[in-house]
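Structure file data_4.txt (compact mmCIF, C-alpha atoms and all ligand atoms) is printed below.
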```
# COMPACT_ATOMS: atom_id res chain seq x y z
CA MET A 87 0.00 0.00 0.00
CA SER A 88 1.38 3.44 -0.84
CA ALA A 89 2.58 5.62 2.03
CA LEU A 90 0.37 8.45 0.78
CA ARG A 91 -2.74 6.26 0.88
CA SER A 92 -1.96 5.24 4.48
CA LEU A 93 -1.37 8.87 5.45
CA ILE A 94 -4.66 10.04 3.95
CA LEU A 95 -6.59 7.18 5.59
CA ALA A 96 -4.98 7.97 8.95
CA ALA A 97 -6.03 11.62 8.51
CA ALA A 98 -9.61 10.39 7.97
CA ASP A 99 -9.74 9.57 11.70
CA SER A 100 -8.24 12.83 12.97
CA PRO A 101 -10.92 14.92 14.75
CA ARG A 102 -8.87 18.11 14.25
CA LEU A 103 -8.55 17.66 10.51
CA GLN A 104 -12.19 16.64 10.42
CA ARG A 105 -13.21 20.01 11.93
CA LEU A 106 -11.01 21.90 9.47
CA GLY A 107 -12.15 19.86 6.48
CA GLN A 108 -15.79 20.18 7.48
CA LYS A 109 -15.40 23.97 7.52
CA TYR A 110 -13.76 24.44 4.14
CA GLY A 111 -14.06 21.15 2.29
CA PHE A 112 -17.36 21.55 0.51
CA ARG A 113 -16.07 24.72 -1.11
CA LEU A 114 -12.77 22.98 -1.90
CA GLY A 115 -14.41 20.25 -3.91
CA ALA A 116 -16.27 17.77 -1.73
CA ALA A 117 -19.28 18.62 -3.92
CA ARG A 118 -17.69 16.57 -6.69
CA PHE A 119 -18.30 13.39 -4.65
CA VAL A 120 -21.28 14.37 -2.47
CA ALA A 121 -24.72 15.23 -3.87
CA GLY A 122 -25.49 17.94 -1.33
CA GLN A 123 -25.57 18.90 2.30
CA ASN A 124 -29.18 17.74 2.72
CA LEU A 125 -31.90 15.63 1.06
CA ASP A 126 -33.46 18.59 -0.75
CA GLU A 127 -30.14 19.21 -2.49
CA ALA A 128 -29.61 15.51 -3.24
CA VAL A 129 -33.04 14.81 -4.83
CA PRO A 130 -32.46 16.84 -8.04
CA VAL A 131 -29.05 15.18 -8.43
CA LEU A 132 -30.62 11.72 -8.09
CA ARG A 133 -33.34 12.68 -10.56
CA ARG A 134 -30.83 13.95 -13.11
CA LEU A 135 -28.82 10.72 -12.84
CA ASN A 136 -31.99 8.65 -13.26
CA GLU A 137 -32.99 10.71 -16.29
CA SER A 138 -29.68 9.90 -17.95
CA GLY A 139 -30.41 6.18 -17.58
CA LEU A 140 -28.48 5.49 -14.36
CA LEU A 141 -29.84 3.77 -11.28
CA THR A 142 -28.81 5.34 -7.98
CA ASN A 143 -28.48 4.65 -4.32
CA THR A 144 -28.19 7.23 -1.61
CA THR A 145 -26.66 7.39 1.83
CA LEU A 146 -27.00 9.92 4.61
CA LEU A 147 -23.30 10.23 5.40
CA GLY A 148 -22.21 9.40 8.92
CA GLU A 149 -20.57 6.55 10.80
CA GLY A 150 -19.28 5.51 14.19
CA VAL A 151 -22.27 6.90 16.11
CA GLY A 152 -21.75 6.59 19.89
CA ALA A 153 -25.20 7.42 21.34
CA GLU A 154 -28.39 5.40 21.02
CA ALA A 155 -30.59 8.49 20.68
CA GLU A 156 -28.53 9.57 17.70
CA THR A 157 -29.17 6.25 15.94
CA ARG A 158 -32.92 6.81 16.38
CA ALA A 159 -32.56 10.11 14.53
CA VAL A 160 -30.65 8.32 11.75
CA VAL A 161 -33.44 5.74 11.41
CA ALA A 162 -36.06 8.50 11.29
CA ALA A 163 -34.06 10.34 8.63
CA TYR A 164 -33.75 7.20 6.50
CA ARG A 165 -37.48 6.47 6.79
CA GLU A 166 -38.07 9.95 5.45
CA VAL A 167 -35.61 9.28 2.60
CA LEU A 168 -37.50 6.11 1.65
CA ASP A 169 -40.82 8.00 1.68
CA ARG A 170 -39.34 10.80 -0.41
CA ILE A 171 -37.84 8.38 -2.97
CA HIS A 172 -41.27 6.78 -3.28
CA ALA A 173 -43.10 10.10 -3.59
CA GLU A 174 -40.66 11.41 -6.20
CA GLY A 175 -40.67 8.15 -8.18
CA LEU A 176 -36.87 7.92 -8.09
CA ARG A 177 -35.00 4.77 -9.10
CA THR A 178 -32.95 4.98 -5.92
CA ASN A 179 -32.30 2.53 -3.13
CA LEU A 180 -30.46 2.92 0.18
CA ALA A 181 -26.95 2.07 1.27
CA VAL A 182 -26.42 2.25 5.03
CA LYS A 183 -23.53 1.79 7.42
CA LEU A 184 -24.21 -0.28 10.53
CA THR A 185 -21.94 1.90 12.70
CA HIS A 186 -24.25 4.78 11.74
CA LEU A 187 -27.10 2.68 13.13
CA GLY A 188 -25.38 1.78 16.39
CA LEU A 189 -23.05 -1.16 15.71
CA SER A 190 -20.24 0.39 17.77
CA ILE A 191 -22.66 0.64 20.73
CA ASP A 192 -24.49 -2.68 20.60
CA GLU A 193 -24.97 -5.27 17.85
CA ASN A 194 -28.64 -5.80 18.76
CA LEU A 195 -29.33 -2.10 18.49
CA ALA A 196 -27.85 -2.02 14.98
CA ARG A 197 -29.79 -5.15 14.08
CA ARG A 198 -33.11 -3.64 15.24
CA ASN A 199 -32.42 -0.35 13.48
CA VAL A 200 -31.50 -1.89 10.17
CA ALA A 201 -34.44 -4.33 10.37
CA ASP A 202 -36.74 -1.34 10.83
CA LEU A 203 -35.34 0.23 7.65
CA VAL A 204 -35.48 -3.00 5.67
CA GLU A 205 -39.15 -3.42 6.67
CA HIS A 206 -39.98 0.17 5.81
CA ALA A 207 -38.18 -0.22 2.48
CA ALA A 208 -40.19 -3.37 1.71
CA LEU A 209 -43.44 -1.42 2.21
CA ARG A 210 -42.16 1.05 -0.36
CA GLY A 211 -40.93 -1.65 -2.78
CA ASN A 212 -37.34 -0.62 -2.06
CA PHE A 213 -34.04 -2.24 -1.13
CA VAL A 214 -31.34 -1.66 1.51
CA ARG A 215 -27.65 -2.40 0.99
CA ILE A 216 -25.53 -2.79 4.12
CA ASP A 217 -22.10 -1.30 3.37
CA MET A 218 -19.01 -3.06 4.71
CA GLU A 219 -16.81 -1.04 7.06
CA GLU A 220 -13.53 -1.74 8.92
CA SER A 221 -12.56 -5.40 9.40
CA ARG A 222 -13.47 -5.38 13.11
CA HIS A 223 -17.13 -5.03 12.03
CA VAL A 224 -17.22 -7.77 9.39
CA ASP A 225 -18.40 -10.64 11.63
CA ALA A 226 -21.24 -8.66 13.17
CA THR A 227 -22.24 -7.18 9.80
CA LEU A 228 -22.48 -10.60 8.17
CA ARG A 229 -24.34 -12.00 11.21
CA ILE A 230 -26.91 -9.23 10.89
CA TYR A 231 -27.25 -9.72 7.14
CA ARG A 232 -27.74 -13.46 7.62
CA ALA A 233 -30.31 -12.93 10.39
CA LEU A 234 -32.29 -10.60 8.14
CA ARG A 235 -32.26 -13.06 5.25
CA GLU A 236 -33.12 -15.99 7.49
CA GLY A 237 -35.93 -13.86 8.93
CA GLY A 238 -37.46 -13.76 5.45
CA HIS A 239 -36.23 -10.36 4.25
CA GLU A 240 -35.32 -10.48 0.57
CA ASN A 241 -34.80 -6.75 -0.03
CA VAL A 242 -31.43 -6.51 1.65
CA GLY A 243 -27.88 -6.92 0.39
CA ALA A 244 -24.34 -7.04 1.76
CA VAL A 245 -20.81 -6.19 0.61
CA LEU A 246 -17.58 -8.19 0.45
CA GLN A 247 -14.12 -6.60 0.19
CA SER A 248 -11.51 -8.37 -1.95
CA TYR A 249 -8.56 -7.01 0.08
CA LEU A 250 -9.56 -9.22 3.04
CA PHE A 251 -8.17 -12.78 3.01
CA ARG A 252 -11.40 -14.01 4.60
CA SER A 253 -13.78 -12.81 1.88
CA GLU A 254 -13.49 -15.96 -0.22
CA ASP A 255 -14.71 -18.05 2.75
CA ASP A 256 -17.39 -15.49 3.56
CA LEU A 257 -18.66 -15.69 0.00
CA ALA A 258 -18.76 -19.51 0.10
CA ALA A 259 -20.75 -19.35 3.35
CA LEU A 260 -23.23 -16.84 1.92
CA LEU A 261 -23.87 -18.47 -1.47
CA PRO A 262 -26.57 -20.87 -0.22
CA LEU A 263 -28.64 -17.77 0.60
CA ALA A 264 -28.54 -16.69 -3.09
CA PRO A 265 -27.29 -13.35 -1.76
CA ASN A 266 -27.39 -9.92 -3.33
CA LEU A 267 -23.72 -8.98 -2.94
CA ARG A 268 -21.77 -5.91 -3.84
CA LEU A 269 -18.12 -6.70 -4.49
CA VAL A 270 -15.53 -4.00 -3.77
CA LYS A 271 -11.77 -3.89 -3.34
CA GLY A 272 -11.98 -2.27 0.13
CA ALA A 273 -11.45 1.31 1.26
CA TYR A 274 -10.04 1.17 4.81
CA LEU A 275 -6.61 0.91 6.39
CA GLU A 276 -6.15 -2.79 7.23
CA PRO A 277 -3.09 -4.65 8.59
CA PRO A 278 -1.13 -7.04 6.30
CA ASP A 279 -1.95 -10.08 8.44
CA ILE A 280 -5.60 -9.90 7.35
CA ALA A 281 -5.58 -7.93 4.07
CA TYR A 282 -3.48 -7.99 0.90
CA PRO A 283 -1.09 -5.04 0.96
CA ARG A 284 -0.33 -5.29 -2.80
CA LYS A 285 -2.84 -3.92 -5.29
CA ALA A 286 -2.12 -6.75 -7.74
CA ASP A 287 -3.24 -9.29 -5.11
CA VAL A 288 -6.38 -7.28 -4.28
CA ASP A 289 -7.25 -7.20 -7.99
CA ALA A 290 -6.63 -10.94 -8.41
CA ALA A 291 -8.80 -11.69 -5.37
CA TYR A 292 -11.51 -9.50 -6.89
CA VAL A 293 -11.50 -11.60 -10.07
CA SER A 294 -11.87 -14.76 -8.04
CA LEU A 295 -14.79 -13.37 -5.94
CA LEU A 296 -16.42 -11.99 -9.07
CA GLU A 297 -16.36 -15.30 -10.92
CA THR A 298 -17.62 -17.26 -7.91
CA SER A 299 -20.39 -14.78 -7.21
CA LEU A 300 -21.52 -14.51 -10.84
CA ALA A 301 -21.56 -18.28 -11.19
CA GLY A 302 -23.50 -18.61 -7.89
CA GLY A 303 -27.25 -18.21 -7.71
CA GLY A 304 -27.50 -14.66 -6.39
CA PHE A 305 -27.16 -11.13 -7.71
CA THR A 306 -23.76 -9.49 -8.09
CA ALA A 307 -23.15 -5.75 -7.91
CA VAL A 308 -19.77 -5.24 -9.55
CA ALA A 309 -18.67 -2.08 -7.73
CA THR A 310 -15.45 -0.86 -9.29
CA HIS A 311 -14.14 1.77 -11.70
CA ASP A 312 -11.48 -0.65 -12.90
CA GLU A 313 -12.14 -1.15 -16.61
CA THR A 314 -10.18 -4.39 -16.78
CA LEU A 315 -12.42 -5.91 -14.10
CA ILE A 316 -15.56 -4.51 -15.71
CA GLU A 317 -14.67 -6.04 -19.07
CA HIS A 318 -13.77 -9.29 -17.34
CA ALA A 319 -17.21 -9.40 -15.70
CA ILE A 320 -18.92 -8.79 -19.05
CA ALA A 321 -16.86 -11.48 -20.83
CA PHE A 322 -17.32 -14.00 -17.99
CA ALA A 323 -21.09 -13.44 -17.91
CA ARG A 324 -21.29 -13.85 -21.67
CA GLU A 325 -19.21 -17.06 -21.69
CA HIS A 326 -21.25 -18.61 -18.89
CA GLY A 327 -24.68 -17.53 -20.11
CA ILE A 328 -25.31 -15.35 -17.06
CA PRO A 329 -28.15 -12.97 -17.95
CA LYS A 330 -27.82 -9.19 -17.47
CA GLU A 331 -30.58 -9.30 -14.84
CA ARG A 332 -28.21 -11.18 -12.50
CA PHE A 333 -25.64 -8.40 -12.16
CA GLU A 334 -25.11 -4.67 -12.36
CA PHE A 335 -22.20 -2.26 -12.26
CA GLN A 336 -21.88 0.25 -9.46
CA MET A 337 -19.70 3.33 -9.34
CA LEU A 338 -19.36 6.39 -7.16
CA TYR A 339 -20.91 9.76 -7.85
CA GLY A 340 -18.20 11.96 -9.35
CA VAL A 341 -15.97 9.10 -10.49
CA ARG A 342 -15.69 8.01 -14.17
CA PRO A 343 -19.07 9.49 -15.24
CA ARG A 344 -18.37 8.83 -18.92
CA LEU A 345 -17.66 5.16 -18.26
CA GLN A 346 -20.97 4.94 -16.34
CA LEU A 347 -22.91 6.22 -19.36
CA ASP A 348 -20.94 4.10 -21.85
CA LEU A 349 -22.00 0.97 -19.97
CA VAL A 350 -25.64 2.12 -19.95
CA ARG A 351 -25.40 2.60 -23.74
CA ARG A 352 -24.10 -0.96 -24.00
CA GLY A 353 -27.26 -2.15 -22.27
CA PHE A 354 -25.97 -2.79 -18.74
CA ASP A 355 -27.54 -1.61 -15.50
CA VAL A 356 -25.29 0.92 -13.77
CA LEU A 357 -25.98 2.26 -10.29
CA VAL A 358 -24.30 5.42 -9.07
CA ALA A 359 -23.72 5.60 -5.31
CA THR A 360 -24.75 9.17 -4.50
CA PRO A 361 -24.39 10.15 -0.85
CA TYR A 362 -25.34 13.41 0.82
CA GLY A 363 -25.27 15.09 4.21
CA PRO A 364 -23.06 17.34 6.30
CA GLU A 365 -20.83 14.56 7.63
CA TRP A 366 -18.90 13.93 4.45
CA TYR A 367 -15.31 14.34 5.73
CA ARG A 368 -14.37 10.67 6.19
CA TYR A 369 -16.10 9.72 2.95
CA LEU A 370 -14.11 12.36 1.08
CA MET A 371 -10.82 11.22 2.66
CA ARG A 372 -11.44 7.65 1.45
CA ARG A 373 -12.03 9.00 -2.07
CA LEU A 374 -8.74 10.90 -1.87
CA ALA A 375 -6.88 7.82 -0.63
CA GLU A 376 -8.17 5.79 -3.58
CA ARG A 377 -6.71 8.28 -5.99
CA PRO A 378 -4.26 10.72 -4.43
CA ALA A 379 -4.39 12.70 -7.71
CA ASN A 380 -7.76 13.87 -6.38
CA LEU A 381 -5.74 15.98 -3.94
CA LEU A 382 -4.61 18.06 -6.92
CA PHE A 383 -8.25 18.60 -7.83
CA LEU A 384 -8.90 19.93 -4.32
CA LEU A 385 -5.78 22.11 -4.38
CA ARG A 386 -6.78 23.62 -7.74
CA ASN A 387 -10.13 24.60 -6.21
CA LEU A 388 -8.30 26.10 -3.23
CA LEU A 389 -6.07 28.22 -5.47
CA ARG A 390 -9.07 29.39 -7.49
CA GLY A 391 -10.45 30.63 -4.16
C1 LIG B 401 -20.62 1.71 -5.48
C2 LIG B 401 -19.47 1.51 -4.57
C3 LIG B 401 -19.69 1.12 -3.27
C4 LIG B 401 -18.61 0.90 -2.41
N1 LIG B 401 -18.85 0.42 -1.14
C5 LIG B 401 -17.81 0.10 -0.35
C6 LIG B 401 -18.01 -0.54 0.90
O1 LIG B 401 -19.14 -0.82 1.32
N2 LIG B 401 -16.92 -0.84 1.65
C7 LIG B 401 -15.65 -0.56 1.22
O2 LIG B 401 -14.69 -0.89 1.93
N3 LIG B 401 -15.43 0.05 0.04
C8 LIG B 401 -16.47 0.38 -0.76
N4 LIG B 401 -16.24 0.97 -1.98
C9 LIG B 401 -14.88 1.50 -2.31
C10 LIG B 401 -14.00 0.43 -2.90
O3 LIG B 401 -13.60 -0.46 -1.89
C11 LIG B 401 -12.74 1.04 -3.54
O4 LIG B 401 -12.02 1.75 -2.57
C12 LIG B 401 -13.02 2.00 -4.69
O5 LIG B 401 -14.06 1.53 -5.50
C13 LIG B 401 -11.76 2.19 -5.58
O6 LIG B 401 -11.39 0.99 -6.16
P1 LIG B 401 -11.73 0.57 -7.67
O7 LIG B 401 -12.35 -0.76 -7.60
O8 LIG B 401 -12.53 1.60 -8.34
O9 LIG B 401 -10.35 0.33 -8.38
P2 LIG B 401 -8.95 1.11 -8.41
O10 LIG B 401 -8.00 0.13 -8.96
O11 LIG B 401 -8.66 1.76 -7.09
O12 LIG B 401 -9.25 2.23 -9.47
C14 LIG B 401 -9.42 1.99 -10.84
C15 LIG B 401 -9.54 3.33 -11.55
O13 LIG B 401 -10.75 3.96 -11.16
C16 LIG B 401 -10.57 5.35 -10.98
N5 LIG B 401 -10.83 5.69 -9.57
C17 LIG B 401 -10.96 4.83 -8.53
N6 LIG B 401 -11.26 5.49 -7.40
C18 LIG B 401 -11.29 6.80 -7.72
C19 LIG B 401 -11.56 7.99 -6.99
N7 LIG B 401 -11.82 7.98 -5.68
N8 LIG B 401 -11.51 9.18 -7.64
C20 LIG B 401 -11.24 9.22 -8.97
N9 LIG B 401 -10.99 8.12 -9.72
C21 LIG B 401 -11.02 6.92 -9.11
C22 LIG B 401 -9.17 5.65 -11.39
O14 LIG B 401 -9.17 5.99 -12.76
C23 LIG B 401 -8.45 4.34 -11.16
O15 LIG B 401 -7.32 4.20 -11.98
C24 LIG B 401 -17.29 1.16 -2.86
C25 LIG B 401 -17.07 1.52 -4.18
C26 LIG B 401 -18.12 1.67 -5.04
C27 LIG B 401 -17.85 2.03 -6.46
```
Is it possible to give me this structure as structure tokens?
Amino acid sequence: MSALRSLILAAADSPRLQRLGQKYGFRLGAARFVAGQNLDEAVPVLRRLNESGLLTNTTLLGEGVGAEAETRAVVAAYREVLDRIHAEGLRTNLAVKLTHLGLSIDENLARRNVADLVEHAALRGNFVRIDMEESRHVDATLRIYRALREGGHENVGAVLQSYLFRSEDDLAALLPLAPNLRLVKGAYLEPPDIAYPRKADVDAAYVSLLETSLAGGGFTAVATHDETLIEHAIAFAREHGIPKERFEFQMLYGVRPRLQLDLVRRGFDVLVATPYGPEWYRYLMRRLAERPANLLFLLRNLLRG
């Protein structure tokens, strides 16, 4: 892993930098990756993406909540988002983080909160994806996903990260559920005893997860901007007769927009992850760590004043 990536990811957890970033960052360029500071600002962005043929998900940014009352406010906000999506007729689902819903406080609290959202989403014909966070949360996250599925909820999905050694086993364990899985490389700072430090190994592991998931009975969300992997997914699906309804591509708002539309033109479903909210600092830092050249983009905005 590059030293710069580690440095940026370490800065993501610094409260001091967070305060500074929060003050100036939106002006500096966070708006490239975040659809707005609130839902009213995000809705027109989601609508515009939908109108250009893209599916979307949205997330109220926030993570690592430490007070139960705060998680209740997050649930209430997400219920409102689901109602608004329904009322506006958007092709948008939800992606949530369990630490935003209380996982760092109590697993049962997070489980109840996410179950509430999954049930509310089902009433609205919608779907909830549970993002994957730092490795210390993987066991609990997968336990909660499994409990929801075994409890009869079909409108919920999970995420596996190819940088973790364990993901191959996790995928094998989940396949009997015919899961809806998003595959990603992984965005956090993880130690080399549990995660591949070399990008080439992360990419190779992604190929392996991708093939296993596509060949399994579930639905695969191929979440990457890596064109080699995208073309591999398309070729593998074609060779194995896997219909387009069994997978989609997912990318981030503000990243490779032309590639997103090219894939739509080729007849594939593409979902753009389009978060909003005032707590965007950590999200932005992860986007910078993925591509340190994005720092130049921020600096250019700073110089322009
Ligand atoms: C829809 C979606 C959901 C995700 N959910 C999770 C999650 O739940 N948990 C998790 O750990 N991670 C998540 N990620 C992040 C993921 O783990 C990677 O960090 C991120 O996608 C970058 O890796 P890549 O696969 O695009 O490939 P890379 O090899 O990193 O990048 C390939 C190319 O894509 C472009 N690119 C990639 N990232 C950026 C960027 N930030 N800015 C500009 N260009 C870029 C560059 O051109 C780069 O050369 C998600 C990613 C996506 C797209």
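Those residues that approach A:Gly122 to within 10 Å, counting all atoms listed in the file, are A:Phe112, A:Ala116, A:Ala128, A:Val129, A:Pro130, A:Val131, A:Thr360, A:Pro361, A:Tyr362, A:Gly363, A:Pro364, A:Trp366; same-chain residues fewer than 6 positions away are not listed.
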For chain A versus ligand LIG 401 (chain B), which residues have an atom no more than 7 Å away, and what is each residue's nearest atom pair and distance in Å rounded to one decimal, using only C-alpha atoms and all ligand atoms, chain-then-number order, as a tab-separated table?
```
residue	atom	partner	partner_atom	distance
A:Asp217	CA	B:LIG401	O1	3.6
A:Met218	CA	B:LIG401	O1	4.1
A:Glu219	CA	B:LIG401	N2	5.4
A:Val245	CA	B:LIG401	O1	5.7
A:Gln247	CA	B:LIG401	O2	6.0
A:Val270	CA	B:LIG401	O3	4.4
A:Lys271	CA	B:LIG401	O3	4.1
A:Gly272	CA	B:LIG401	O3	3.2
A:Ala273	CA	B:LIG401	O4	3.9
A:Tyr274	CA	B:LIG401	O2	5.8
A:Ala309	CA	B:LIG401	C27	4.4
A:Thr310	CA	B:LIG401	O7	3.5
A:His311	CA	B:LIG401	O8	3.7
A:Asp312	CA	B:LIG401	C14	3.9
A:Gln336	CA	B:LIG401	C1	4.4
A:Met337	CA	B:LIG401	C27	3.7
A:Leu338	CA	B:LIG401	C27	4.7
A:Val341	CA	B:LIG401	C20	5.0
A:Arg342	CA	B:LIG401	N9	6.5
A:Val358	CA	B:LIG401	C1	6.3
A:Ala359	CA	B:LIG401	C1	5.0
A:Arg373	CA	B:LIG401	N7	3.8
A:Leu374	CA	B:LIG401	N7	5.7
A:Glu376	CA	B:LIG401	N7	4.7
A:Arg377	CA	B:LIG401	C19	5.0
A:Asn380	CA	B:LIG401	N8	6.1
```
Fewer than 6 positions away in the same chain doesn't count, so skip those; otherwise give me all residues within 9 Å of A:Glu254, counting only C-alpha atoms, as a VMD selection string.
chain A and resid 246 248 291 294 to 295 298
Within 12 Å of A:Ile191, counting all atoms listed in the file, which residues show up once you throw out same-chain ones fewer than 6 positions away? Write them as a ChimeraX atom specification, please.
/A:149-157,184-185,197,223
Shortest interatomic distance to A:Leu260 - which of A:Gly115, A:Gly107, A:Gly302, A:Gly237, counting only C-alpha atoms:
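Answer, going by the shortest atom-to-atom distance: A:Gly302.
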By how many Å are atom CA of A:Asp256 and atom CA of A:Leu349 apart?
29.1 Å
Hey, can you pull every residue with an atom no more than 12 Å from (-2.0, -5.6, 8.4), using all atoms listed in the file, and send it as a PyMOL selection string?
chain A and resi 87+92+221+249-251+274-284
Write the selection just made, keeping C-alpha atoms, as a PDB file, in the frame of the given file?
```
ATOM      1  CA  MET A  87       0.000   0.000   0.000  1.00  0.00           C
ATOM      2  CA  SER A  92      -1.960   5.240   4.480  1.00  0.00           C
ATOM      3  CA  SER A 221     -12.560  -5.400   9.400  1.00  0.00           C
ATOM      4  CA  TYR A 249      -8.560  -7.010   0.080  1.00  0.00           C
ATOM      5  CA  LEU A 250      -9.560  -9.220   3.040  1.00  0.00           C
ATOM      6  CA  PHE A 251      -8.170 -12.780   3.010  1.00  0.00           C
ATOM      7  CA  TYR A 274     -10.040   1.170   4.810  1.00  0.00           C
ATOM      8  CA  LEU A 275      -6.610   0.910   6.390  1.00  0.00           C
ATOM      9  CA  GLU A 276      -6.150  -2.790   7.230  1.00  0.00           C
ATOM     10  CA  PRO A 277      -3.090  -4.650   8.590  1.00  0.00           C
ATOM     11  CA  PRO A 278      -1.130  -7.040   6.300  1.00  0.00           C
ATOM     12  CA  ASP A 279      -1.950 -10.080   8.440  1.00  0.00           C
ATOM     13  CA  ILE A 280      -5.600  -9.900   7.350  1.00  0.00           C
ATOM     14  CA  ALA A 281      -5.580  -7.930   4.070  1.00  0.00           C
ATOM     15  CA  TYR A 282      -3.480  -7.990   0.900  1.00  0.00           C
ATOM     16  CA  PRO A 283      -1.090  -5.040   0.960  1.00  0.00           C
ATOM     17  CA  ARG A 284      -0.330  -5.290  -2.800  1.00  0.00           C
TER      18      ARG A 284
END
```
Could the centre and edge lengths of an axis-aligned box, enclosing all atoms of stretch 89-93 of chain A in the file with 5 Å extra on each side, be given in Å to one decimal as lines of an AutoDock Vina configuration file?
```
center_x = -0.1
center_y = 7.1
center_z = 3.1
size_x = 15.3
size_y = 13.6
size_z = 14.7
```
Quote the spacing between atom CA of A:Ala97 and atom CA of A:Leu146 in Å to one decimal place.
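Result for atom CA of A:Ala97 versus atom CA of A:Leu146: 21.4 Å, one decimal.
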Computed gap from atom CA of A:Asn241 to atom CA of A:Phe213 is 4.7 Å
Which residue gives the smallest distance to A:Leu347 among A:Gln108, A:Asn136, A:Thr227, A:Ser88, with all atoms listed in the file counted?
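Between A:Gln108, A:Asn136, A:Thr227, A:Ser88, the residue approaching A:Leu347 most closely is A:Asn136.
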